[in-house]
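Quick look at query-v7.cif (mmCIF, C-alpha atoms):
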data_coords
loop_
_atom_site.label_atom_id
_atom_site.label_comp_id
_atom_site.auth_asym_id
_atom_site.auth_seq_id
_atom_site.Cartn_x
_atom_site.Cartn_y
_atom_site.Cartn_z
CA MET H 246 218.33 310.59 29.79
CA LYS H 247 221.82 309.80 28.47
CA LEU H 248 220.39 309.31 25.00
CA MET H 249 218.68 312.71 25.26
CA PHE H 250 221.97 314.40 26.16
CA CYS H 251 223.71 312.64 23.26
CA LEU H 252 221.04 313.74 20.81
CA LEU H 253 220.83 317.31 22.12
CA PRO H 254 223.68 318.75 20.02
CA PHE H 255 222.06 317.44 16.85
CA VAL H 256 218.55 318.77 17.40
CA GLY H 257 219.95 322.32 17.31
CA GLY H 258 220.48 322.02 13.59
CA CYS H 259 216.94 321.08 12.67
CA SER H 260 215.19 323.75 10.66
CA PHE H 261 212.59 324.57 13.31
CA LEU H 262 215.13 325.15 16.10
CA SER H 263 217.54 326.95 13.76
CA ALA H 264 214.77 329.40 12.99
CA LEU H 265 214.14 330.07 16.68
CA ASP H 266 217.84 330.35 17.58
CA PHE H 267 218.53 333.31 15.29
CA GLY H 268 221.03 335.35 17.34
CA GLY H 269 224.42 336.55 16.20
CA VAL H 270 225.63 337.54 12.76
CA GLU H 271 224.06 335.26 10.18
CA LYS H 272 227.02 335.23 7.78
CA ILE H 273 229.66 334.36 10.41
CA PRO H 274 229.74 330.58 11.05
CA PHE H 275 231.68 330.66 14.35
CA GLU H 276 231.15 333.24 17.07
CA PHE H 277 232.25 333.54 20.69
CA ARG H 278 231.05 335.98 23.34
CA LEU H 279 231.82 336.53 26.98
CA GLY H 280 228.86 336.85 29.33
CA THR H 281 229.56 340.57 29.66
CA ASP H 282 229.48 341.20 25.91
CA HIS H 283 225.92 342.03 24.93
CA GLY H 284 226.67 343.93 21.73
CA ILE H 285 225.67 347.33 23.15
CA HIS H 286 227.34 350.18 21.21
CA GLN H 287 230.04 352.12 23.08
CA ALA H 288 230.58 355.83 22.39
CA ALA H 289 233.88 356.77 20.73
CA PRO H 290 236.76 357.67 23.07
CA GLY H 291 236.73 361.37 23.92
CA THR H 292 232.94 361.70 23.88
CA LYS H 293 231.71 363.86 26.74
CA ASP H 294 229.47 362.32 29.40
CA GLY H 295 225.84 362.83 28.46
CA ALA H 296 226.64 363.55 24.80
CA VAL H 297 226.60 361.53 21.57
CA ASP H 298 229.52 360.75 19.27
CA ASP H 299 229.66 361.18 15.48
CA LYS H 300 227.71 357.96 14.95
CA GLY H 301 224.95 359.02 17.34
CA VAL H 302 226.04 356.65 20.12
CA TYR H 303 225.19 358.08 23.54
CA LYS H 304 227.64 358.09 26.46
CA PRO H 305 225.73 357.96 29.77
CA GLU H 306 226.37 360.67 32.36
CA THR H 307 227.23 358.03 34.92
CA PRO H 308 229.32 354.88 34.40
CA ALA H 309 226.84 352.98 36.60
CA ALA H 310 224.30 353.00 33.74
CA SER H 311 226.83 351.35 31.41
CA ALA H 312 227.78 348.89 34.14
CA LEU H 313 224.13 347.81 34.47
CA LEU H 314 224.10 346.96 30.77
CA GLU H 315 227.46 345.17 30.97
CA PHE H 316 226.60 342.93 33.92
CA PRO H 317 226.63 339.27 32.75
CA ASN H 318 223.36 337.68 31.68
CA VAL H 319 221.37 336.18 34.54
CA HIS H 320 219.25 333.11 33.73
CA ALA H 321 216.59 331.48 35.87
CA GLY H 322 215.22 327.97 35.55
CA MET H 323 214.89 324.51 37.07
CA MET H 324 217.46 321.79 37.69
CA VAL H 325 216.91 318.05 37.95
CA GLU H 326 219.72 316.46 39.93
CA ILE H 327 220.17 312.84 38.85
CA ARG H 328 223.26 311.81 40.83
CA PRO H 329 224.10 311.58 43.72
CA LYS H 330 220.40 311.89 44.67
CA ALA H 331 217.21 312.69 42.77
CA HIS H 332 216.41 316.30 43.50
CA LEU H 333 214.45 319.11 41.81
CA THR H 334 215.33 322.74 42.56
CA PRO H 335 215.01 326.21 41.04
CA VAL H 336 218.36 327.63 39.96
CA VAL H 337 219.81 331.04 39.16
CA GLN H 338 222.62 331.08 36.63
CA LEU H 339 225.28 333.58 35.59
CA GLU H 340 226.40 333.29 31.98
CA ALA H 341 230.17 332.90 31.59
CA CYS H 342 230.34 332.69 27.79
CA SER H 343 228.50 331.51 24.71
CA ALA H 344 229.64 330.16 21.37
CA LYS H 345 228.08 329.45 17.99
CA ALA H 346 229.07 326.76 15.50
CA PRO H 347 227.49 325.65 12.22
CA TYR H 348 224.53 323.27 12.53
CA VAL H 349 224.56 323.05 16.36
CA GLY H 350 223.83 326.78 16.84
CA TRP H 351 224.46 328.69 20.08
CA TRP H 352 225.64 327.02 23.30
CA GLU H 353 226.28 328.66 26.65
CA ILE H 354 228.41 327.88 29.69
CA GLN H 355 226.76 329.06 32.89
CA VAL H 356 227.57 328.75 36.56
CA GLY H 357 224.78 328.73 39.10
CA ALA H 358 223.26 327.50 42.28
CA GLY H 359 220.04 326.05 43.66
CA ALA H 360 218.97 324.53 46.98
CA ASN H 361 222.03 322.73 48.39
CA VAL H 362 223.68 322.52 45.00
CA ALA H 363 226.21 324.45 42.94
CA GLU H 364 226.78 323.62 39.29
CA VAL H 365 228.39 324.34 35.94
CA TYR H 366 225.95 324.05 33.07
CA LEU H 367 226.30 323.62 29.32
CA GLY H 368 223.09 324.90 27.80
CA LYS H 369 221.78 324.66 24.26
CA LYS H 370 219.94 327.83 23.30
CA LEU H 371 216.53 326.87 21.92
CA LEU H 372 214.94 330.30 21.65
CA SER H 373 216.66 333.65 21.07
CA VAL H 374 215.63 336.86 22.87
CA TRP H 375 213.86 335.04 25.73
CA GLU H 376 216.75 332.57 25.86
CA ILE H 377 215.17 329.26 26.67
CA THR H 378 218.03 326.80 27.14
CA VAL H 379 218.33 323.13 28.08
CA GLY H 380 221.33 320.92 28.74
CA PRO H 381 223.42 318.86 31.13
CA CYS H 382 225.18 320.14 34.23
CA PHE H 383 228.04 318.99 36.40
CA LEU H 384 227.24 319.66 40.06
CA ARG H 385 228.39 319.55 43.64
CA ASP H 386 225.74 318.36 46.12
CA ILE H 387 226.43 320.28 49.30
CA ASP H 388 224.29 318.00 51.53
CA GLN H 389 225.88 314.79 50.30
CA HIS H 390 229.40 316.23 49.84
CA LYS H 391 229.57 314.51 46.46
CA PHE H 392 229.94 315.51 42.84
CA GLY H 393 227.25 314.46 40.41
CA PHE H 394 225.31 315.42 37.30
CA GLY H 395 221.88 316.47 36.22
CA GLY H 396 219.90 318.45 33.67
CA ILE H 397 218.81 322.09 33.59
CA GLY H 398 216.23 324.12 31.69
CA THR H 399 216.31 327.92 31.89
CA VAL H 400 213.32 329.95 30.79
CA ILE H 401 214.32 333.59 31.04
CA LYS H 402 217.40 335.80 30.76
CA PHE H 403 217.67 339.27 32.22
CA MET Y 734 232.06 363.08 9.46
CA GLU Y 735 228.71 363.17 7.73
CA PRO Y 736 227.89 366.41 5.86
CA ASP Y 737 224.77 367.12 7.94
CA LEU Y 738 226.77 366.86 11.16
CA GLN Y 739 229.30 369.33 9.76
CA GLU Y 740 226.45 371.62 8.81
CA GLN Y 741 224.95 371.32 12.26
CA ARG Y 742 228.24 372.15 13.98
CA ALA Y 743 228.80 375.08 11.67
CA ARG Y 744 225.41 376.42 12.77
CA ASP Y 745 226.07 375.84 16.44
CA PRO Y 746 229.72 375.44 17.46
CA GLU Y 747 228.69 373.95 20.81
CA GLY Y 748 226.59 371.42 18.94
CA ASP Y 749 222.88 370.97 19.60
CA GLN Y 750 223.71 367.63 21.21
CA VAL Y 751 224.98 369.42 24.31
CA PRO Y 752 222.64 368.88 27.26
CA CYS Y 753 220.73 372.02 28.30
CA GLY Y 754 218.72 370.62 31.18
CA ARG Y 755 215.60 371.84 32.91
CA GLY Y 756 214.38 375.39 32.64
CA SER Y 757 216.21 376.17 29.40
CA GLY Y 758 212.98 375.89 27.43
CA LYS Y 759 214.76 373.48 25.13
CA PRO Y 760 215.37 370.39 27.23
CA TYR Y 761 218.63 368.68 26.35
CA GLY Y 762 218.92 370.61 23.12
CA ALA Y 763 216.16 368.90 21.15
CA SER Y 764 213.00 370.74 20.18
CA ALA Y 765 209.67 369.06 19.44
CA GLY Y 766 209.94 370.25 15.81
CA GLY Y 767 213.42 368.75 15.44
CA ALA Y 768 212.19 365.51 16.96
CA ALA Y 769 209.25 365.41 14.53
CA ASP Y 770 211.64 365.87 11.58
CA ALA Y 771 213.85 363.09 12.93
CA ILE Y 772 210.85 360.75 13.27
CA ILE Y 773 209.89 361.49 9.64
CA ASP Y 774 213.47 360.65 8.59
CA PHE Y 775 213.28 357.37 10.51
CA LEU Y 776 209.94 356.48 8.94
CA GLY Y 777 211.39 357.23 5.51
CA ALA Y 778 214.52 355.13 6.25
CA ARG Y 779 216.64 358.27 5.73
CA ALA Y 780 217.72 358.68 9.34
CA THR Y 781 221.26 359.81 10.12
CA ALA Y 782 223.40 360.00 13.25
CA ARG Y 783 222.05 363.52 13.76
CA ASP Y 784 218.47 362.22 13.88
CA VAL Y 785 219.56 359.60 16.42
CA GLY Y 786 221.09 362.35 18.58
CA THR Y 787 218.03 364.58 18.26
CA LEU Y 788 215.57 361.84 19.27
CA THR Y 789 217.88 360.66 22.05
CA PHE Y 790 217.96 364.12 23.64
CA PHE Y 791 214.26 364.70 23.05
CA PHE Y 792 213.56 361.43 24.86
CA LYS Y 793 215.97 362.42 27.62
CA GLY Y 794 214.16 365.72 28.08
CA PHE Y 795 210.80 363.93 28.11
CA VAL Y 796 211.66 361.25 30.67
CA ASN Y 797 213.47 363.82 32.80
CA GLN Y 798 210.06 365.33 33.62
CA PHE Y 799 209.19 362.14 35.50
CA PHE Y 800 212.22 362.29 37.79
CA PRO Y 801 212.64 364.45 40.90
CA ASP Y 802 214.58 367.71 40.67
CA PRO Y 803 217.42 367.58 41.68
CA LEU Y 804 218.16 364.00 40.67
CA GLY Y 805 219.35 361.58 43.33
CA PRO Y 806 222.05 359.01 42.46
CA ASP Y 807 219.50 356.22 41.83
CA ASP Y 808 217.36 358.54 39.71
CA LEU Y 809 220.34 359.51 37.57
CA VAL Y 810 221.41 355.90 37.01
CA PHE Y 811 217.91 354.78 36.02
CA ARG Y 812 217.30 357.78 33.77
CA GLU Y 813 220.65 357.22 32.02
CA LEU Y 814 219.84 353.52 31.60
CA LEU Y 815 216.55 354.45 29.91
CA VAL Y 816 218.27 356.97 27.63
CA LYS Y 817 221.11 354.59 26.72
CA THR Y 818 218.64 351.82 25.86
CA TRP Y 819 216.52 354.17 23.74
CA ASN Y 820 219.70 355.37 22.00
CA GLU Y 821 220.78 351.77 21.33
CA ILE Y 822 217.45 351.04 19.64
CA LEU Y 823 217.74 354.21 17.52
CA VAL Y 824 221.37 353.48 16.54
CA ARG Y 825 220.40 349.98 15.39
CA LEU Y 826 217.39 351.26 13.47
CA GLU Y 827 219.53 353.92 11.82
CA GLU Y 828 222.34 351.49 10.93
CA GLY Y 829 219.92 348.91 9.58
CA HIS Y 830 217.78 351.50 7.73
CA ASP Y 831 214.56 350.07 9.24
CA LYS Y 832 215.66 346.45 8.65
CA LEU Y 833 216.60 344.78 11.92
CA THR Y 834 218.74 341.63 11.97
CA GLY Y 835 218.46 338.75 14.44
CA GLN Y 836 221.41 340.24 16.31
CA ASP Y 837 219.61 343.61 16.58
CA ILE Y 838 216.46 341.98 17.94
CA GLU Y 839 218.47 340.02 20.49
CA VAL Y 840 220.33 343.09 21.76
CA ILE Y 841 217.19 345.23 21.89
CA GLY Y 842 215.27 342.46 23.66
CA PHE Y 843 218.05 342.05 26.19
CA ALA Y 844 218.31 345.80 26.87
CA LEU Y 845 214.54 346.21 27.31
CA ARG Y 846 214.36 343.26 29.70
CA ARG Y 847 217.21 344.62 31.76
CA VAL Y 848 215.53 348.03 31.91
CA TYR Y 849 212.33 346.30 33.05
CA PHE Y 850 214.00 344.41 35.87
CA VAL Y 851 216.09 347.40 37.01
CA GLY Y 852 212.88 349.45 36.77
CA GLN Y 853 211.09 347.03 39.09
CA ALA Y 854 213.85 347.45 41.67
CA TYR Y 855 213.80 351.24 41.20
CA GLN Y 856 210.01 351.38 41.63
CA ASN Y 857 210.16 349.32 44.80
CA GLU Y 858 212.71 351.77 46.13
CA LYS Y 859 210.91 354.92 45.08
CA GLY Y 860 207.24 353.95 45.19
CA LYS Y 861 204.77 353.90 42.33
CA PHE Y 862 202.75 356.62 40.66
CA THR Y 863 199.02 355.96 40.48
CA LEU Y 864 197.29 356.11 37.10
CA VAL Y 865 195.82 359.50 38.03
CA GLN Y 866 199.29 360.84 38.92
CA TRP Y 867 200.64 359.57 35.58
CA MET Y 868 197.80 361.29 33.71
CA GLU Y 869 198.37 364.55 35.61
CA LYS Y 870 202.07 364.36 34.79
CA LEU Y 871 201.40 363.78 31.08
CA VAL Y 872 198.84 366.60 30.95
CA GLY Y 873 201.39 368.90 32.61
CA ILE Y 874 204.05 368.00 30.03
CA ALA Y 875 201.58 368.54 27.17
CA LYS Y 876 200.65 371.97 28.56
CA GLU Y 877 204.34 372.92 28.90
CA ALA Y 878 204.83 371.89 25.27
CA GLY Y 879 202.01 374.24 24.27
CA ILE Y 880 199.53 371.55 23.27
CA SER Y 881 195.97 372.78 23.75
CA GLY Y 882 192.60 371.22 23.09
CA LEU Y 883 191.44 367.74 24.08
CA GLY Y 884 190.22 369.35 27.29
CA LEU Y 885 193.75 370.18 28.52
#

Produce structure tokens that represent the structure in this file.
Amino acid sequence: MKLMFCLLPFVGGCSFLSALDFGGVEKIPFEFRLGTDHGIHQAAPGTKDGAVDDKGVYKPETPAASALLEFPNVHAGMMVEIRPKAHLTPVVQLEACSAKAPYVGWWEIQVGAGANVAEVYLGKKLLSVWEITVGPCFLRDIDQHKFGFGGIGTVIKF
Amino acid sequence: MEPDLQEQRARDPEGDQVPCGRGSGKPYGASAGGAADAIIDFLGARATARDVGTLTFFFKGFVNQFFPDPLGPDDLVFRELLVKTWNEILVRLEEGHDKLTGQDIEVIGFALRRVYFVGQAYQNEKGKFTLVQWMEKLVGIAKEAGISGLGL
């Protein structure tokens, strides 16, 4: 398991996974995004509600519609707790931020929770759009009152 | 400002991007003919911001038929989410001149998924149309638009 975690950063650069992890701007080597930044166009200041600006960008009639699109990414997947006790649980994650670097591709920091566990997760993005990620997590086992670690795989983002 | 936008505003000082709403005969300022021209421009990779606006408001007028009148707060939020997502797709198609980048595909994929999940919650709240009700609704819209034939 430890070997897998050590090798994980390097598999991101292989040609197959690079092709699947195609997000971001291709020509920019380093990128950073907060979980709330999805790249949705915002209408120019002064645009009336329910109208479009000079570039054709629409400003919704209600700010709630924009807020729905700005809410951080939510990921769902499974967690394997390794320490303090072996434990498998579904988890729901909220994306805090993501970053891209040459060769290793996109990585995400997520916070989430499952059954009797809360964790912080560093996920390697394997597939863009559907956002399949895998990686290690640092966790707090609520039953055992102990910190520990494990691995997570998420299979969908919404 | 692009020349065609200037031309458009010279023709109509209020701008044809100003919402008109139900009962005006020209829902949200976009006619079917204008929408058809905009689609042709998109297919020919000649689309401009004006075409994006025209198709956005045509879509808004179209989906508005499926919402209750007057709109409740949930209806308004969901309708605006649909329109904003459609507009985002059009803006990216227009900027890329029919060539989408990986970033475009990611953003569009994200927006469509979020619409789907919000839509599921909205449907649970509001109940679902049956297939027959959907067909009746579509036939009604086609009749309002003056489309005849096909047994309508």

Determine, counting all atoms listed in the file, which protein, DNA and RNA residues have an atom within 6 Å of an atom of region 294-304 of chain H; residues of the same chain fewer than 4 positions away are not included. Present the result as number ranges by chain.
H: 288; Y: 782, 785-786

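Reported to one decimal place, the separation of CA of Arg812 (chain Y) from CA of Thr307 (chain H) is 10.0 Å.
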
Could the residues of chain Y within 9 Å of chain H, counting only C-alpha atoms, be given as a PyMOL selection string, please?
chain Y and resi 734-735+738+750-752+781-787+789-790+809-818+820-821+823-824+834-844+846-851

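One finds CA of Val362 (chain H) at 11.0 Å from CA of Pro329 (chain H).
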
Please report the interatomic distance between CA of Phe795 (chain Y) and CA of Asp282 (chain H) in Å with one decimal.
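If I compute the distance from CA of Phe795 (chain Y) to CA of Asp282 (chain H), I get 29.5 Å.
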
Find the residues with any atom within 8 Å of (226.9, 319.3, 41.7); use only C-alpha atoms and the coordinates as given in the file, and write the answer as a ChimeraX atom specification.
/H:326,362-365,382-387,391-395

Would you mind telling me which residue in Y:Gly777, Y:Gly873, Y:Gly805, Y:Gly829 lies nearest to Lys859 (chain Y) when using only C-alpha atoms?
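Closest to Lys859 (chain Y) of all the choices is Y:Gly805.
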
Can you work out which one of H:Gly322, H:Gly291, H:Phe277, H:Val400 has the shortest atom-to-atom distance to Trp352 (chain H), counting all atoms listed in the file?
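The closest residue to Trp352 (chain H) is H:Phe277.
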
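When only C-alpha atoms are used to measure the gap to Gln856 (chain Y), the shortest distance among Y:Ala778, Y:Glu828, Y:Met868, Y:Phe800 belongs to Y:Phe800.
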
What are the centre and the three edge lengths of an axis-aligned box that wraps all atoms of region 264-271 of chain H in the file, given that 6 Å is added to every side, written as lines of an AutoDock Vina configuration file and rounded to one decimal in Å?
center_x = 219.9
center_y = 333.5
center_z = 13.9
size_x = 23.5
size_y = 20.1
size_z = 19.4

With distances taken over all atoms listed in the file, which of H:Arg278, H:Lys272, H:His390, H:His320 is nearest to Asn361 (chain H)?
H:His390

Residues within 9 Å of Gly767 (chain Y), please, as a list in words. Count only C-alpha atoms; anything in the same chain fewer than 2 positions from it doesn't count.
Ala763, Ser764, Ala765, Ala769, Asp770, Ala771, Ile772, Asp784, Thr787, Leu788 and Phe791 of chain Y

Saved selection, atoms kept: C-alpha atoms, as a PDB file, in the frame of the given file:
ATOM      1  CA  ALA Y 763     216.160 368.900  21.150  1.00  0.00           C
ATOM      2  CA  SER Y 764     213.000 370.740  20.180  1.00  0.00           C
ATOM      3  CA  ALA Y 765     209.670 369.060  19.440  1.00  0.00           C
ATOM      4  CA  ALA Y 769     209.250 365.410  14.530  1.00  0.00           C
ATOM      5  CA  ASP Y 770     211.640 365.870  11.580  1.00  0.00           C
ATOM      6  CA  ALA Y 771     213.850 363.090  12.930  1.00  0.00           C
ATOM      7  CA  ILE Y 772     210.850 360.750  13.270  1.00  0.00           C
ATOM      8  CA  ASP Y 784     218.470 362.220  13.880  1.00  0.00           C
ATOM      9  CA  THR Y 787     218.030 364.580  18.260  1.00  0.00           C
ATOM     10  CA  LEU Y 788     215.570 361.840  19.270  1.00  0.00           C
ATOM     11  CA  PHE Y 791     214.260 364.700  23.050  1.00  0.00           C
TER      12      PHE Y 791
END

Closest to Ala331 (chain H) among H:Pro347, H:Gln389, H:Gly398, H:Ala358, using all atoms listed in the file?
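Closest to Ala331 (chain H), using all atoms listed in the file: H:Gln389.
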
Between H:Leu372, H:Ile397, H:Ala289, H:Val349, which is the closest to Val336 (chain H) once you count all atoms listed in the file?
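Closest to Val336 (chain H) of all the choices is H:Ile397.
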
Pull C-alpha atoms for region 291-383 of chain H from the block and write them as a PDB file, in the first residue's frame.
ATOM      1  CA  GLY H 291     -23.483  46.706 -14.793  1.00  0.00           C
ATOM      2  CA  THR H 292     -25.317  44.026 -16.768  1.00  0.00           C
ATOM      3  CA  LYS H 293     -29.008  43.955 -15.902  1.00  0.00           C
ATOM      4  CA  ASP H 294     -30.474  40.833 -14.297  1.00  0.00           C
ATOM      5  CA  GLY H 295     -31.838  38.536 -16.982  1.00  0.00           C
ATOM      6  CA  ALA H 296     -29.844  40.223 -19.766  1.00  0.00           C
ATOM      7  CA  VAL H 297     -26.585  39.473 -21.588  1.00  0.00           C
ATOM      8  CA  ASP H 298     -23.437  41.601 -21.717  1.00  0.00           C
ATOM      9  CA  ASP H 299     -21.454  42.617 -24.809  1.00  0.00           C
ATOM     10  CA  LYS H 300     -19.773  39.213 -24.961  1.00  0.00           C
ATOM     11  CA  GLY H 301     -23.090  37.370 -24.800  1.00  0.00           C
ATOM     12  CA  VAL H 302     -22.620  36.249 -21.184  1.00  0.00           C
ATOM     13  CA  TYR H 303     -25.974  35.910 -19.413  1.00  0.00           C
ATOM     14  CA  LYS H 304     -26.641  37.294 -15.929  1.00  0.00           C
ATOM     15  CA  PRO H 305     -29.316  35.194 -14.178  1.00  0.00           C
ATOM     16  CA  GLU H 306     -32.413  36.941 -12.833  1.00  0.00           C
ATOM     17  CA  THR H 307     -31.733  35.516  -9.396  1.00  0.00           C
ATOM     18  CA  PRO H 308     -28.359  35.231  -7.627  1.00  0.00           C
ATOM     19  CA  ALA H 309     -29.417  31.786  -6.369  1.00  0.00           C
ATOM     20  CA  ALA H 310     -28.853  30.341  -9.862  1.00  0.00           C
ATOM     21  CA  SER H 311     -25.261  31.631  -9.876  1.00  0.00           C
ATOM     22  CA  ALA H 312     -24.765  30.366  -6.330  1.00  0.00           C
ATOM     23  CA  LEU H 313     -25.788  26.855  -7.427  1.00  0.00           C
ATOM     24  CA  LEU H 314     -23.051  26.919 -10.052  1.00  0.00           C
ATOM     25  CA  GLU H 315     -20.488  28.330  -7.608  1.00  0.00           C
ATOM     26  CA  PHE H 316     -21.047  25.785  -4.843  1.00  0.00           C
ATOM     27  CA  PRO H 317     -17.841  23.722  -4.390  1.00  0.00           C
ATOM     28  CA  ASN H 318     -17.535  20.409  -6.214  1.00  0.00           C
ATOM     29  CA  VAL H 319     -19.043  17.477  -4.349  1.00  0.00           C
ATOM     30  CA  HIS H 320     -17.376  14.080  -4.858  1.00  0.00           C
ATOM     31  CA  ALA H 321     -18.658  10.673  -3.832  1.00  0.00           C
ATOM     32  CA  GLY H 322     -16.649   7.487  -3.431  1.00  0.00           C
ATOM     33  CA  MET H 323     -15.306   4.825  -1.093  1.00  0.00           C
ATOM     34  CA  MET H 324     -12.696   4.981   1.656  1.00  0.00           C
ATOM     35  CA  VAL H 325     -10.520   2.193   2.995  1.00  0.00           C
ATOM     36  CA  GLU H 326      -9.381   3.005   6.512  1.00  0.00           C
ATOM     37  CA  ILE H 327      -6.064   1.277   7.228  1.00  0.00           C
ATOM     38  CA  ARG H 328      -5.184   2.651  10.665  1.00  0.00           C
ATOM     39  CA  PRO H 329      -6.361   2.666  13.454  1.00  0.00           C
ATOM     40  CA  LYS H 330      -8.721  -0.128  12.307  1.00  0.00           C
ATOM     41  CA  ALA H 331      -9.530  -1.747   8.961  1.00  0.00           C
ATOM     42  CA  HIS H 332     -12.783  -0.226   7.811  1.00  0.00           C
ATOM     43  CA  LEU H 333     -14.566   0.321   4.473  1.00  0.00           C
ATOM     44  CA  THR H 334     -17.113   3.125   4.130  1.00  0.00           C
ATOM     45  CA  PRO H 335     -18.741   5.305   1.476  1.00  0.00           C
ATOM     46  CA  VAL H 336     -17.643   8.931   1.703  1.00  0.00           C
ATOM     47  CA  VAL H 337     -18.891  12.302   0.489  1.00  0.00           C
ATOM     48  CA  GLN H 338     -16.228  14.894  -0.179  1.00  0.00           C
ATOM     49  CA  LEU H 339     -16.186  18.660  -0.652  1.00  0.00           C
ATOM     50  CA  GLU H 340     -13.382  19.945  -2.869  1.00  0.00           C
ATOM     51  CA  ALA H 341     -11.264  22.643  -1.219  1.00  0.00           C
ATOM     52  CA  CYS H 342      -8.827  23.287  -4.071  1.00  0.00           C
ATOM     53  CA  SER H 343      -6.997  21.672  -6.957  1.00  0.00           C
ATOM     54  CA  ALA H 344      -3.625  22.260  -8.547  1.00  0.00           C
ATOM     55  CA  LYS H 345      -1.830  21.194 -11.711  1.00  0.00           C
ATOM     56  CA  ALA H 346       1.902  20.694 -12.206  1.00  0.00           C
ATOM     57  CA  PRO H 347       3.901  19.350 -15.149  1.00  0.00           C
ATOM     58  CA  TYR H 348       4.077  15.564 -15.437  1.00  0.00           C
ATOM     59  CA  VAL H 349       1.993  14.797 -12.306  1.00  0.00           C
ATOM     60  CA  GLY H 350      -1.161  16.488 -13.671  1.00  0.00           C
ATOM     61  CA  TRP H 351      -4.091  17.606 -11.517  1.00  0.00           C
ATOM     62  CA  TRP H 352      -4.330  16.925  -7.765  1.00  0.00           C
ATOM     63  CA  GLU H 353      -7.142  17.867  -5.427  1.00  0.00           C
ATOM     64  CA  ILE H 354      -7.464  18.490  -1.697  1.00  0.00           C
ATOM     65  CA  GLN H 355     -10.864  17.426  -0.398  1.00  0.00           C
ATOM     66  CA  VAL H 356     -12.456  17.233   3.021  1.00  0.00           C
ATOM     67  CA  GLY H 357     -15.132  14.664   3.698  1.00  0.00           C
ATOM     68  CA  ALA H 358     -16.802  12.197   5.953  1.00  0.00           C
ATOM     69  CA  GLY H 359     -18.008   8.600   6.032  1.00  0.00           C
ATOM     70  CA  ALA H 360     -19.368   6.278   8.720  1.00  0.00           C
ATOM     71  CA  ASN H 361     -17.642   7.251  11.984  1.00  0.00           C
ATOM     72  CA  VAL H 362     -14.796   8.950  10.169  1.00  0.00           C
ATOM     73  CA  ALA H 363     -13.826  12.432   9.030  1.00  0.00           C
ATOM     74  CA  GLU H 364     -10.866  12.967   6.725  1.00  0.00           C
ATOM     75  CA  VAL H 365      -8.708  15.210   4.581  1.00  0.00           C
ATOM     76  CA  TYR H 366      -7.875  13.651   1.233  1.00  0.00           C
ATOM     77  CA  LEU H 367      -5.239  14.293  -1.406  1.00  0.00           C
ATOM     78  CA  GLY H 368      -6.605  12.889  -4.635  1.00  0.00           C
ATOM     79  CA  LYS H 369      -4.930  12.341  -7.985  1.00  0.00           C
ATOM     80  CA  LYS H 370      -7.338  13.077 -10.818  1.00  0.00           C
ATOM     81  CA  LEU H 371      -7.341  10.114 -13.192  1.00  0.00           C
ATOM     82  CA  LEU H 372     -10.222  11.084 -15.457  1.00  0.00           C
ATOM     83  CA  SER H 373     -11.443  14.579 -16.339  1.00  0.00           C
ATOM     84  CA  VAL H 374     -15.148  15.493 -16.612  1.00  0.00           C
ATOM     85  CA  TRP H 375     -16.333  12.518 -14.514  1.00  0.00           C
ATOM     86  CA  GLU H 376     -13.465  13.173 -12.099  1.00  0.00           C
ATOM     87  CA  ILE H 377     -12.359   9.760 -10.978  1.00  0.00           C
ATOM     88  CA  THR H 378      -9.707  10.328  -8.308  1.00  0.00           C
ATOM     89  CA  VAL H 379      -7.612   8.112  -6.044  1.00  0.00           C
ATOM     90  CA  GLY H 380      -5.185   8.908  -3.247  1.00  0.00           C
ATOM     91  CA  PRO H 381      -4.276   8.816   0.419  1.00  0.00           C
ATOM     92  CA  CYS H 382      -6.210  10.431   3.247  1.00  0.00           C
ATOM     93  CA  PHE H 383      -5.458  11.534   6.774  1.00  0.00           C
TER      94      PHE H 383
END
